[in-house]
>>> print(open('protein-v3.cif').read())   # mmCIF, C-alpha atoms and all ligand atoms
data_final
#
loop_
_atom_site.label_atom_id
_atom_site.label_comp_id
_atom_site.auth_asym_id
_atom_site.auth_seq_id
_atom_site.Cartn_x
_atom_site.Cartn_y
_atom_site.Cartn_z
CA MET H 218 -42.76 11.00 -35.69
CA TYR H 219 -38.95 11.47 -35.53
CA LYS H 220 -37.20 13.71 -38.05
CA LYS H 221 -33.48 12.91 -38.36
CA LEU H 222 -31.43 16.12 -38.33
CA ARG H 223 -27.74 15.21 -38.23
CA LEU H 224 -25.31 12.43 -37.45
CA ILE H 225 -23.80 12.70 -33.95
CA GLN H 226 -21.48 9.73 -33.85
CA SER H 227 -20.94 6.29 -35.32
CA GLY H 228 -20.07 3.83 -32.56
CA THR H 229 -18.92 0.21 -32.64
CA PHE H 230 -22.41 -1.15 -32.78
CA GLY H 231 -24.57 1.64 -34.08
CA THR H 232 -25.06 5.22 -35.08
CA VAL H 233 -26.45 8.10 -33.05
CA TYR H 234 -28.44 10.92 -34.69
CA LYS H 235 -29.89 14.16 -33.44
CA ALA H 236 -33.60 14.22 -34.32
CA TRP H 237 -36.76 16.19 -33.68
CA SER H 238 -39.66 14.43 -31.98
CA THR H 239 -43.04 15.75 -33.02
CA GLU H 240 -44.65 13.73 -30.25
CA HIS H 241 -42.46 15.02 -27.42
CA ASN H 242 -41.91 18.39 -29.10
CA CYS H 243 -38.19 18.38 -28.35
CA TYR H 244 -34.85 17.26 -29.71
CA VAL H 245 -34.00 13.61 -29.09
CA ALA H 246 -31.10 11.28 -29.86
CA LEU H 247 -31.81 8.21 -31.99
CA LYS H 248 -29.44 5.35 -31.24
CA ILE H 249 -29.78 3.07 -34.27
CA THR H 250 -28.28 -0.40 -34.12
CA PRO H 251 -28.30 -2.65 -37.20
CA LYS H 252 -29.69 -6.07 -36.28
CA TYR H 253 -26.73 -7.90 -37.81
CA LYS H 254 -24.35 -6.09 -35.40
CA THR H 255 -25.97 -7.24 -32.19
CA SER H 256 -27.84 -10.15 -30.68
CA GLU H 257 -31.47 -10.04 -29.64
CA ALA H 258 -30.43 -10.98 -26.10
CA SER H 259 -28.07 -8.05 -25.83
CA ILE H 260 -30.54 -5.46 -27.14
CA GLN H 261 -33.23 -6.97 -24.89
CA ASN H 262 -30.88 -6.53 -21.92
CA GLU H 263 -30.20 -2.87 -22.77
CA TYR H 264 -33.93 -2.28 -23.28
CA ASP H 265 -34.84 -3.93 -19.94
CA VAL H 266 -32.23 -1.90 -18.07
CA MET H 267 -33.31 1.37 -19.74
CA LYS H 268 -36.94 0.58 -18.95
CA VAL H 269 -36.15 0.27 -15.24
CA LEU H 270 -33.93 3.38 -15.24
CA SER H 271 -36.39 5.48 -17.25
CA SER H 272 -39.50 4.65 -15.27
CA HIS H 273 -41.54 7.45 -13.67
CA ASN H 274 -38.82 7.97 -11.06
CA SER H 275 -36.13 8.60 -13.67
CA HIS H 276 -32.90 10.21 -12.49
CA PRO H 277 -31.68 13.66 -13.68
CA ASN H 278 -28.16 12.34 -14.22
CA ILE H 279 -29.08 9.27 -16.23
CA CYS H 280 -29.84 9.59 -19.94
CA SER H 281 -33.41 8.29 -20.16
CA MET H 282 -35.03 6.24 -22.90
CA LEU H 283 -38.14 7.97 -24.28
CA ASP H 284 -39.20 5.35 -26.82
CA PHE H 285 -38.03 2.18 -28.55
CA TYR H 286 -38.98 0.69 -31.90
CA THR H 287 -37.70 -1.79 -34.43
CA ASP H 288 -38.12 -2.73 -38.10
CA ASP H 289 -36.71 -5.54 -40.24
CA SER H 290 -33.14 -4.22 -40.14
CA TYR H 291 -32.68 -1.91 -37.14
CA TYR H 292 -33.33 -1.39 -33.45
CA VAL H 293 -33.95 2.25 -32.57
CA MET H 294 -33.64 3.60 -29.05
CA VAL H 295 -34.97 7.13 -28.58
CA LEU H 296 -33.00 8.95 -25.87
CA GLU H 297 -33.00 12.32 -24.17
CA TYR H 298 -30.75 14.59 -26.23
CA CYS H 299 -27.63 16.00 -24.55
CA GLU H 300 -26.57 19.14 -26.39
CA CYS H 301 -22.87 19.18 -25.49
CA GLY H 302 -21.94 15.60 -26.42
CA ASP H 303 -19.72 13.42 -24.27
CA LEU H 304 -17.01 14.34 -21.76
CA TYR H 305 -14.21 12.71 -23.73
CA ASP H 306 -14.78 14.94 -26.78
CA PHE H 307 -15.37 17.92 -24.50
CA LEU H 308 -12.01 17.43 -22.78
CA ASP H 309 -10.30 17.06 -26.14
CA ILE H 310 -11.49 20.52 -27.07
CA ALA H 311 -10.54 21.89 -23.64
CA LYS H 312 -7.06 20.38 -23.92
CA SER H 313 -6.47 21.79 -27.38
CA GLN H 314 -7.40 25.28 -26.16
CA GLY H 315 -5.36 25.43 -22.97
CA THR H 316 -1.65 26.07 -22.68
CA PRO H 317 0.55 25.76 -19.60
CA SER H 318 0.46 29.53 -19.12
CA SER H 319 -3.22 30.15 -19.83
CA SER H 320 -6.27 28.18 -18.86
CA SER H 321 -8.67 26.87 -21.46
CA LEU H 322 -11.77 28.97 -22.01
CA ILE H 323 -13.70 25.75 -21.54
CA GLN H 324 -13.59 24.60 -17.97
CA ILE H 325 -15.29 21.84 -16.11
CA ASP H 326 -16.85 21.94 -12.71
CA MET H 327 -15.19 18.93 -11.14
CA GLN H 328 -17.19 18.92 -7.93
CA LYS H 329 -20.51 19.03 -9.78
CA ILE H 330 -19.50 16.22 -12.12
CA ILE H 331 -18.28 14.03 -9.26
CA LYS H 332 -21.47 14.54 -7.26
CA GLN H 333 -23.76 13.92 -10.21
CA LEU H 334 -21.93 10.77 -11.31
CA TYR H 335 -22.00 9.50 -7.75
CA SER H 336 -25.73 10.17 -7.62
CA ALA H 337 -26.41 8.40 -10.96
CA ILE H 338 -24.37 5.33 -10.03
CA SER H 339 -25.93 5.10 -6.54
CA PHE H 340 -29.41 5.34 -8.07
CA ALA H 341 -28.71 2.54 -10.57
CA HIS H 342 -27.18 0.36 -7.85
CA SER H 343 -30.20 0.96 -5.62
CA LEU H 344 -32.29 -0.53 -8.45
CA GLY H 345 -29.95 -3.54 -8.73
CA ILE H 346 -28.20 -2.31 -11.90
CA ALA H 347 -24.42 -2.06 -12.46
CA HIS H 348 -23.27 -0.01 -15.48
CA ARG H 349 -20.00 -1.86 -16.21
CA ASP H 350 -18.70 0.63 -18.79
CA ILE H 351 -18.28 3.95 -16.95
CA LYS H 352 -15.86 6.14 -18.90
CA PRO H 353 -15.72 9.76 -20.19
CA GLU H 354 -17.23 8.72 -23.57
CA ASN H 355 -20.36 7.52 -21.76
CA VAL H 356 -20.83 10.66 -19.69
CA LEU H 357 -22.97 13.15 -21.63
CA LEU H 358 -23.10 16.88 -20.98
CA THR H 359 -26.17 19.08 -21.14
CA ILE H 360 -26.20 22.75 -22.01
CA ASN H 361 -26.41 23.57 -18.27
CA GLY H 362 -23.18 21.71 -17.56
CA ASP H 363 -25.00 18.80 -15.93
CA VAL H 364 -23.93 15.26 -16.72
CA LYS H 365 -25.98 12.20 -17.66
CA LEU H 366 -24.60 8.68 -17.54
CA ALA H 367 -25.38 6.95 -20.87
CA ASP H 368 -24.79 3.74 -22.86
CA TRP H 369 -26.18 1.09 -20.58
CA GLY H 370 -25.52 -1.59 -23.23
CA HIS H 371 -23.12 -3.51 -20.95
CA ALA H 372 -25.18 -3.11 -17.79
CA ILE H 373 -26.22 -6.09 -15.71
CA GLN H 374 -29.04 -6.52 -13.22
CA SER H 375 -26.87 -8.40 -10.76
CA THR H 376 -24.24 -7.65 -8.14
CA LYS H 377 -22.08 -10.58 -9.29
CA SER H 378 -20.52 -11.52 -12.61
CA ASN H 379 -17.78 -13.72 -14.03
CA ASP H 380 -17.79 -12.12 -17.45
CA PHE H 381 -14.24 -11.01 -18.27
CA GLN H 382 -14.92 -9.42 -21.66
CA ILE H 383 -17.15 -6.57 -20.57
CA GLY H 384 -16.33 -2.87 -20.50
CA THR H 385 -13.44 -0.76 -21.76
CA ASP H 386 -9.95 -1.94 -20.80
CA ASN H 387 -8.55 1.47 -19.79
CA TYR H 388 -11.28 1.95 -17.20
CA ARG H 389 -11.90 -1.64 -16.07
CA ALA H 390 -11.26 -2.82 -12.52
CA PRO H 391 -8.32 -5.25 -12.21
CA GLU H 392 -10.51 -8.15 -11.05
CA THR H 393 -12.64 -7.94 -14.23
CA PHE H 394 -9.70 -9.05 -16.37
CA SER H 395 -9.09 -12.76 -16.74
CA SER H 396 -5.97 -13.81 -14.88
CA CYS H 397 -3.85 -14.59 -17.94
CA PHE H 398 -4.98 -11.94 -20.44
CA ASP H 399 -5.43 -14.67 -23.04
CA ASN H 400 -8.33 -13.90 -25.33
CA SER H 401 -8.79 -17.35 -26.85
CA CYS H 402 -12.31 -18.78 -26.71
CA PHE H 403 -11.07 -21.82 -24.86
CA ARG H 404 -9.32 -19.72 -22.25
CA ARG H 405 -12.39 -17.52 -21.86
CA ARG H 406 -14.66 -20.50 -21.24
CA LEU H 407 -12.17 -21.96 -18.80
CA ASP H 408 -11.97 -18.63 -16.97
CA GLN H 409 -15.71 -18.43 -16.68
CA LEU H 410 -15.88 -21.90 -15.18
CA GLN H 411 -13.01 -21.45 -12.78
CA ALA H 412 -12.89 -17.78 -11.89
CA PRO H 413 -14.56 -16.44 -8.81
CA LEU H 414 -17.42 -14.03 -9.37
CA TYR H 415 -16.55 -10.37 -9.05
CA ASN H 416 -18.71 -7.68 -7.48
CA THR H 417 -20.13 -5.53 -10.29
CA TYR H 418 -20.80 -2.54 -8.01
CA LYS H 419 -17.22 -2.48 -6.73
CA ALA H 420 -16.04 -2.72 -10.35
CA ASP H 421 -18.15 0.39 -11.13
CA TYR H 422 -16.43 2.21 -8.25
CA TRP H 423 -13.03 1.58 -9.84
CA SER H 424 -14.30 2.83 -13.23
CA LEU H 425 -15.64 5.97 -11.56
CA GLY H 426 -12.17 6.58 -10.05
CA ALA H 427 -10.49 5.94 -13.42
CA THR H 428 -12.94 8.32 -15.12
CA ILE H 429 -12.31 11.12 -12.62
CA PHE H 430 -8.58 10.49 -12.99
CA TYR H 431 -9.00 11.06 -16.74
CA LEU H 432 -10.82 14.32 -16.05
CA MET H 433 -7.96 15.48 -13.83
CA PHE H 434 -5.00 14.60 -16.02
CA GLY H 435 -6.50 14.29 -19.50
CA ASP H 436 -4.97 10.82 -19.58
CA CYS H 437 -5.88 7.28 -18.51
CA LEU H 438 -4.58 5.81 -15.26
CA PHE H 439 -3.30 2.82 -17.24
CA ARG H 440 -3.36 2.72 -20.97
CA VAL H 441 -4.12 -0.92 -21.85
CA SER H 442 -2.87 -1.65 -25.33
CA LYS H 443 -4.38 -4.82 -26.79
CA SER H 444 -1.00 -6.19 -27.81
CA LYS H 445 0.66 -5.44 -24.47
CA LYS H 446 -1.59 -6.81 -21.76
CA SER H 447 1.46 -7.99 -19.82
CA GLN H 448 2.50 -4.32 -19.52
CA HIS H 449 -0.89 -3.69 -17.95
CA LEU H 450 -0.19 -6.32 -15.31
CA ARG H 451 3.19 -4.71 -14.59
CA ASN H 452 1.53 -1.28 -14.31
CA LEU H 453 -1.01 -2.65 -11.89
CA LYS H 454 1.70 -4.22 -9.73
CA GLU H 455 3.72 -1.00 -9.74
CA PHE H 456 0.64 1.08 -8.94
CA GLU H 457 -0.35 -1.23 -6.10
CA LYS H 458 3.13 -1.05 -4.56
CA ASN H 459 3.05 2.74 -4.28
CA PRO H 460 0.09 4.45 -5.96
CA PHE H 461 1.31 7.94 -5.08
CA ALA H 462 4.77 7.45 -6.52
CA PHE H 463 3.17 5.94 -9.62
CA ILE H 464 0.89 8.94 -10.16
CA TYR H 465 3.61 11.40 -9.22
CA GLU H 466 6.16 9.98 -11.65
CA LYS H 467 3.91 9.26 -14.57
CA TYR H 468 1.39 12.09 -14.39
CA VAL H 469 2.62 14.93 -12.20
CA VAL H 470 6.32 15.22 -13.01
CA PRO H 471 5.84 15.20 -16.82
CA ARG H 472 3.45 18.11 -16.37
CA LEU H 473 5.82 20.22 -14.33
CA PRO H 474 6.65 23.18 -16.53
CA CYS H 475 10.22 23.72 -15.31
CA GLY H 476 12.95 22.28 -13.14
CA TYR H 477 13.29 23.35 -9.54
CA ASN H 478 16.20 23.79 -7.18
CA ASP H 479 14.74 24.25 -3.76
CA GLU H 480 11.50 23.79 -1.97
CA GLU H 481 10.15 27.23 -2.79
CA ASP H 482 10.95 26.68 -6.43
CA LEU H 483 9.09 23.39 -6.36
CA HIS H 484 6.02 25.04 -4.90
CA MET H 485 6.09 27.62 -7.69
CA SER H 486 6.35 24.90 -10.32
CA LEU H 487 3.54 22.90 -8.81
CA GLN H 488 1.31 25.94 -8.73
CA GLN H 489 1.95 26.70 -12.38
CA THR H 490 1.06 23.11 -13.21
CA ARG H 491 -2.58 23.83 -12.57
CA GLN H 492 -4.23 21.89 -15.35
CA TYR H 493 -5.87 23.79 -18.12
CA PHE H 494 -9.41 22.80 -17.36
CA TRP H 495 -9.54 22.41 -13.60
CA GLN H 496 -12.02 25.04 -12.66
CA ASP H 497 -12.57 24.40 -9.00
CA LEU H 498 -9.30 22.85 -7.92
CA PRO H 499 -7.68 26.14 -6.91
CA ASP H 500 -4.14 24.84 -6.62
CA ILE H 501 -2.08 21.75 -7.31
CA TYR H 502 -2.36 20.63 -3.69
CA ASP H 503 -6.11 20.18 -4.17
CA VAL H 504 -5.33 17.95 -7.13
CA PHE H 505 -3.04 15.85 -4.95
CA HIS H 506 -5.68 15.74 -2.26
CA LEU H 507 -8.37 14.49 -4.66
CA CYS H 508 -5.94 11.86 -5.99
CA LYS H 509 -5.27 10.74 -2.44
CA ILE H 510 -8.99 10.37 -1.73
CA MET H 511 -9.50 8.36 -4.93
CA VAL H 512 -6.57 6.06 -4.19
CA ASP H 513 -7.82 5.46 -0.63
CA THR H 514 -11.46 4.80 -1.53
CA LEU H 515 -11.94 3.82 -5.20
CA LEU H 516 -8.66 2.78 -6.83
CA ILE H 517 -7.91 -0.14 -4.53
CA VAL H 518 -6.30 -2.91 -6.56
CA SER H 519 -6.25 -6.19 -4.71
CA ASN H 520 -9.16 -6.06 -2.30
CA ALA H 521 -12.13 -4.75 -4.27
CA GLU H 522 -14.38 -5.19 -1.23
CA GLU H 523 -12.55 -2.28 0.45
CA ARG H 524 -13.68 0.15 -2.25
CA SER H 525 -16.36 2.51 -1.00
CA MET H 526 -18.19 5.16 -2.99
CA GLU H 527 -19.75 6.46 0.26
CA ALA H 528 -16.33 7.04 1.80
CA PHE H 529 -15.22 8.69 -1.44
CA ILE H 530 -18.07 11.18 -1.59
CA ASN H 531 -17.88 11.93 2.15
CA GLN H 532 -14.18 12.72 1.91
CA VAL H 533 -14.69 14.82 -1.23
CA ASP H 534 -17.47 16.77 0.50
CA PHE H 535 -15.30 17.31 3.54
CA ALA H 536 -12.31 18.50 1.52
CA TRP H 537 -14.33 20.85 -0.66
CA ASN H 538 -16.49 22.30 2.04
CA LYS H 539 -13.59 23.29 4.21
CA ASP H 540 -13.80 27.03 4.47
CA THR H 541 -10.16 28.04 4.64
CA SER H 542 -11.03 31.53 5.87
CA ILE H 543 -12.74 30.04 8.94
CA ASP H 544 -10.63 26.96 9.39
CA SER H 545 -7.15 28.41 9.60
CA SER H 546 -5.77 24.92 10.21
CA PHE H 547 -6.48 24.20 6.55
CA ASN H 548 -4.64 27.07 4.96
CA TYR H 549 -2.23 26.85 2.09
CA GLN H 550 0.75 25.90 4.26
CA SER H 551 -1.19 23.09 5.91
CA LYS H 552 -2.17 21.76 2.50
CA ILE H 553 1.51 21.71 1.57
CA ASN H 554 2.33 19.87 4.78
CA LEU H 555 -0.49 17.43 4.14
CA PHE H 556 0.88 16.72 0.68
CA TRP H 557 4.33 15.80 1.98
CA GLU H 558 2.81 13.66 4.72
CA GLN H 559 0.31 11.88 2.49
CA TRP H 560 2.40 11.27 -0.55
CA SER H 561 5.63 10.31 1.17
CA ILE H 562 7.63 10.93 -1.99
CA SER H 563 10.90 9.14 -1.42
CA ALA H 564 14.19 8.68 -3.22
CA GLU H 565 13.03 5.41 -4.84
CA SER H 566 9.86 6.99 -6.11
CA THR H 567 11.46 9.92 -7.88
CA PRO H 568 12.08 9.69 -11.60
CA ALA H 569 15.57 8.89 -12.84
CA ASN H 570 16.42 12.42 -13.90
CA PHE H 571 15.52 13.83 -10.51
CA GLN H 572 17.46 13.42 -7.30
CA LEU H 573 16.32 13.89 -3.76
CA LYS H 574 17.97 16.57 -1.66
CA ASN H 575 17.63 16.73 2.08
CA PHE H 576 16.03 20.04 2.79
CA GLU H 577 13.78 20.62 5.72
CA LYS H 578 11.21 18.58 3.83
CA PRO H 579 12.06 16.29 0.93
CA CYS H 580 12.74 18.30 -2.17
CA LEU H 581 13.44 17.31 -5.73
CA VAL H 582 16.09 18.88 -7.91
CA GLN H 583 16.64 18.31 -11.59
CA GLU H 584 20.00 16.90 -12.56
CA SER H 585 22.05 19.17 -14.77
CA LYS H 586 22.32 17.71 -18.28
N1 LIG J 1 -28.47 11.07 -25.85
C1 LIG J 1 -27.41 11.54 -26.49
N2 LIG J 1 -27.25 12.86 -26.74
C2 LIG J 1 -26.16 13.33 -27.39
N3 LIG J 1 -25.14 12.54 -27.81
C3 LIG J 1 -25.23 11.21 -27.62
C4 LIG J 1 -26.37 10.64 -26.95
N4 LIG J 1 -26.18 9.31 -26.88
C5 LIG J 1 -25.00 9.06 -27.45
N5 LIG J 1 -24.42 10.19 -27.90
C6 LIG J 1 -23.10 10.29 -28.60
O1 LIG J 1 -22.89 9.11 -29.36
C7 LIG J 1 -21.73 8.39 -28.85
C8 LIG J 1 -21.98 6.90 -28.94
O2 LIG J 1 -23.11 6.56 -28.13
P1 LIG J 1 -23.21 5.18 -27.35
O3 LIG J 1 -21.97 5.02 -26.52
O4 LIG J 1 -24.51 5.12 -26.64
O5 LIG J 1 -23.22 4.19 -28.60
P2 LIG J 1 -22.46 2.82 -28.77
O6 LIG J 1 -22.88 2.29 -30.09
O7 LIG J 1 -22.70 1.97 -27.58
O8 LIG J 1 -20.95 3.28 -28.84
P3 LIG J 1 -19.68 2.41 -28.41
O9 LIG J 1 -20.05 0.99 -28.52
O10 LIG J 1 -18.59 2.86 -29.37
O11 LIG J 1 -19.38 2.84 -26.97
C9 LIG J 1 -21.55 8.93 -27.43
O12 LIG J 1 -20.18 8.81 -27.00
C10 LIG J 1 -21.98 10.39 -27.56
O13 LIG J 1 -20.92 11.17 -28.10
#
>>> encode(input="protein-v3.cif", output="structure tokens")
Amino acid sequence: MYKKLRLIQSGTFGTVYKAWSTEHNCYVALKITPKYKTSEASIQNEYDVMKVLSSHNSHPNICSMLDFYTDDSYYVMVLEYCECGDLYDFLDIAKSQGTPSSSSLIQIDMQKIIKQLYSAISFAHSLGIAHRDIKPENVLLTINGDVKLADWGHAIQSTKSNDFQIGTDNYRAPETFSSCFDNSCFRRRLDQLQAPLYNTYKADYWSLGATIFYLMFGDCLFRVSKSKKSQHLRNLKEFEKNPFAFIYEKYVVPRLPCGYNDEEDLHMSLQQTRQYFWQDLPDIYDVFHLCKIMVDTLLIVSNAEERSMEAFINQVDFAWNKDTSIDSSFNYQSKINLFWEQWSISAESTPANFQLKNFEKPCLVQESK
């Protein structure tokens, strides 16, 4: 019935193969999980979630389950096949091709990806399902450049959870970490008894923001190393204090190709910084603008309830659909003004090797070595 063709990837729990389905007359992906690597409850949960998501009203941006079978040793989930693999690998190729002076041949359509992910997540939430592991590795690409959200193995059919071990650290919302970052069994049980439940939908919103951030900068918002969870806490605190300064210092400045002496120079540098694979973010100010929208709507640290995917998509739509030829109030100069207003880059927020000069607007100059 299924003819295995080639190995796609070996994951933590199982192996994914490309196969040919004689029944469906198309390529499929076989996700094969050895029974000793998982529990029956966990595979049952993934199956139940996939069954709901893959019913007759299946969603174009969710990787559907076509079949499921098992034998003595393995569980096999038969999935729609996505020809171009996952976004993480895709970006890796894009990054290796691009250079600061020339864009990568591979480019991604940011607006399309954002809209399709929003649509997939909204659909799942409308069915009572939270994904809980949204990240570039779980976003699959089709040959048409569409995306499909995959790997629903950590999903839950509930809006509330007090499970602090679920998901991928680099993309997890702050409230889904236990308060002390102690992984001992005792601590975990204590956390589960004492900790307040978190909202699984709002946690998905954060992961969506962190995923888009990765697409923009080719890097994670916070890199959570297992041995340095305290650093993660410090990063979160610093980010919460001034998210724009945090992003500016850690992600924008290191990407600036050259130093700059006056405001005009800075604008030139920022323009050249255009990332290698941003297809539809015409200039660096659009990148800042998208960051601003994410910070205001998705990447809210302390009050998860304030996160709103609706507000996010509305603001993205508004920003992208502005026709600058008609709306002269949103021309290049006004975008520059908006950047300085929104980001309020101040002396404290500039990196150590930069100093702030008082031009008409704040301007950064590089210290001579
Ligand atoms: N339907 C598919 N079409 C094409 N490639 C796929 C498909 N499903 C999965 N893959 C590839 O296999 C990888 C692993 O798949 P998946 O995340 O579902 O397995 P996993 O065992 O849960 O992995 P992990 O636990 O490491 O996240 C994906 O990142 C993707 O590259």
>>> residues_near_ligand(input="protein-v3.cif", ligand="ligand LIG 1 (chain J)", cutoff="7 Å", atoms="only C-alpha atoms and all ligand atoms", output="ChimeraX atom specification")
/H:225-233,245-246,248,280,296-303,354-355,357,367-368,370
>>> residues_near_point(input="protein-v3.cif", point="(-20.0, 13.4, -10.8)", cutoff="10 Å", atoms="only C-alpha atoms", output="list in words")
Asn278, Asp326, Met327, Gln328, Lys329, Ile330, Ile331, Lys332, Gln333, Leu334, Tyr335, Ser336, Ala337, Ile338, Val356, Asp363, Val364, Lys365, Leu366, Leu425, Thr428, Ile429 and Ile530 of chain H
>>> write_last_selection(input="protein-v3.cif", atoms="C-alpha atoms", output="PDB file, in the coordinates of the input")
ATOM      1  CA  ASN H 278     -28.160  12.340 -14.220  1.00  0.00           C
ATOM      2  CA  ASP H 326     -16.850  21.940 -12.710  1.00  0.00           C
ATOM      3  CA  MET H 327     -15.190  18.930 -11.140  1.00  0.00           C
ATOM      4  CA  GLN H 328     -17.190  18.920  -7.930  1.00  0.00           C
ATOM      5  CA  LYS H 329     -20.510  19.030  -9.780  1.00  0.00           C
ATOM      6  CA  ILE H 330     -19.500  16.220 -12.120  1.00  0.00           C
ATOM      7  CA  ILE H 331     -18.280  14.030  -9.260  1.00  0.00           C
ATOM      8  CA  LYS H 332     -21.470  14.540  -7.260  1.00  0.00           C
ATOM      9  CA  GLN H 333     -23.760  13.920 -10.210  1.00  0.00           C
ATOM     10  CA  LEU H 334     -21.930  10.770 -11.310  1.00  0.00           C
ATOM     11  CA  TYR H 335     -22.000   9.500  -7.750  1.00  0.00           C
ATOM     12  CA  SER H 336     -25.730  10.170  -7.620  1.00  0.00           C
ATOM     13  CA  ALA H 337     -26.410   8.400 -10.960  1.00  0.00           C
ATOM     14  CA  ILE H 338     -24.370   5.330 -10.030  1.00  0.00           C
ATOM     15  CA  VAL H 356     -20.830  10.660 -19.690  1.00  0.00           C
ATOM     16  CA  ASP H 363     -25.000  18.800 -15.930  1.00  0.00           C
ATOM     17  CA  VAL H 364     -23.930  15.260 -16.720  1.00  0.00           C
ATOM     18  CA  LYS H 365     -25.980  12.200 -17.660  1.00  0.00           C
ATOM     19  CA  LEU H 366     -24.600   8.680 -17.540  1.00  0.00           C
ATOM     20  CA  LEU H 425     -15.640   5.970 -11.560  1.00  0.00           C
ATOM     21  CA  THR H 428     -12.940   8.320 -15.120  1.00  0.00           C
ATOM     22  CA  ILE H 429     -12.310  11.120 -12.620  1.00  0.00           C
ATOM     23  CA  ILE H 530     -18.070  11.180  -1.590  1.00  0.00           C
TER      24      ILE H 530
END
>>> closest_residue(input="protein-v3.cif", among="H:Glu455, H:Asp503, H:Asp265, H:Asp289", to="Phe439 (chain H)", atoms="all atoms listed in the file")
H:Glu455
>>> closest_residue(input="protein-v3.cif", among="H:Tyr418, H:Tyr244, H:Tyr388, H:Trp537", to="Leu344 (chain H)", atoms="all atoms listed in the file")
H:Tyr418
>>> atom_distance(input="protein-v3.cif", atom1="CA of Met294 (chain H)", atom2="CA of Ile346 (chain H)")
18.9 Å
>>> atom_distance(input="protein-v3.cif", atom1="CA of Asp380 (chain H)", atom2="CA of Arg349 (chain H)")
10.6 Å
>>> atom_distance(input="protein-v3.cif", atom1="CA of Asp284 (chain H)", atom2="CA of His348 (chain H)")
20.3 Å
>>> closest_atom_pairs(input="protein-v3.cif", of="region 340-432 of chain H", to="region 506-529 of chain H", cutoff="9 Å", atoms="only C-alpha atoms", output="Markdown table")
| residue | atom | partner | partner_atom | distance |
| --- | --- | --- | --- | --- |
| H:Ala390 | CA | H:Val518 | CA | 7.8 |
| H:Pro391 | CA | H:Val518 | CA | 6.4 |
| H:Glu392 | CA | H:Ala521 | CA | 7.8 |
| H:Tyr415 | CA | H:Ala521 | CA | 8.6 |
| H:Asn416 | CA | H:Ala521 | CA | 7.9 |
| H:Lys419 | CA | H:Ala521 | CA | 6.1 |
| H:Ala420 | CA | H:Ala521 | CA | 7.5 |
| H:Tyr422 | CA | H:Leu515 | CA | 5.7 |
| H:Trp423 | CA | H:Leu515 | CA | 5.3 |
| H:Ser424 | CA | H:Leu515 | CA | 8.4 |
| H:Leu425 | CA | H:Leu515 | CA | 7.7 |
| H:Gly426 | CA | H:Leu515 | CA | 5.6 |
| H:Ala427 | CA | H:Leu516 | CA | 7.5 |
| H:Ile429 | CA | H:Met511 | CA | 8.6 |
| H:Phe430 | CA | H:Cys508 | CA | 7.6 |
>>> closest_residue(input="protein-v3.cif", among="H:Phe505, H:Thr376, H:Leu283, H:Tyr431", to="Pro460 (chain H)", atoms="all atoms listed in the file")
H:Phe505
>>> closest_residue(input="protein-v3.cif", among="H:Val293, H:Leu308, H:Thr255, H:Arg389", to="Phe434 (chain H)", atoms="all atoms listed in the file")
H:Leu308
>>> closest_residue(input="protein-v3.cif", among="H:Ile249, H:Ala341, H:Met433, H:Leu304", to="Val269 (chain H)", atoms="all atoms listed in the file")
H:Ala341
>>> residues_around(input="protein-v3.cif", residues="Tyr219 (chain H)", least_positions_apart="6", cutoff="8 Å", atoms="all atoms listed in the file", output="NGL selection string")
:H and (236-239)
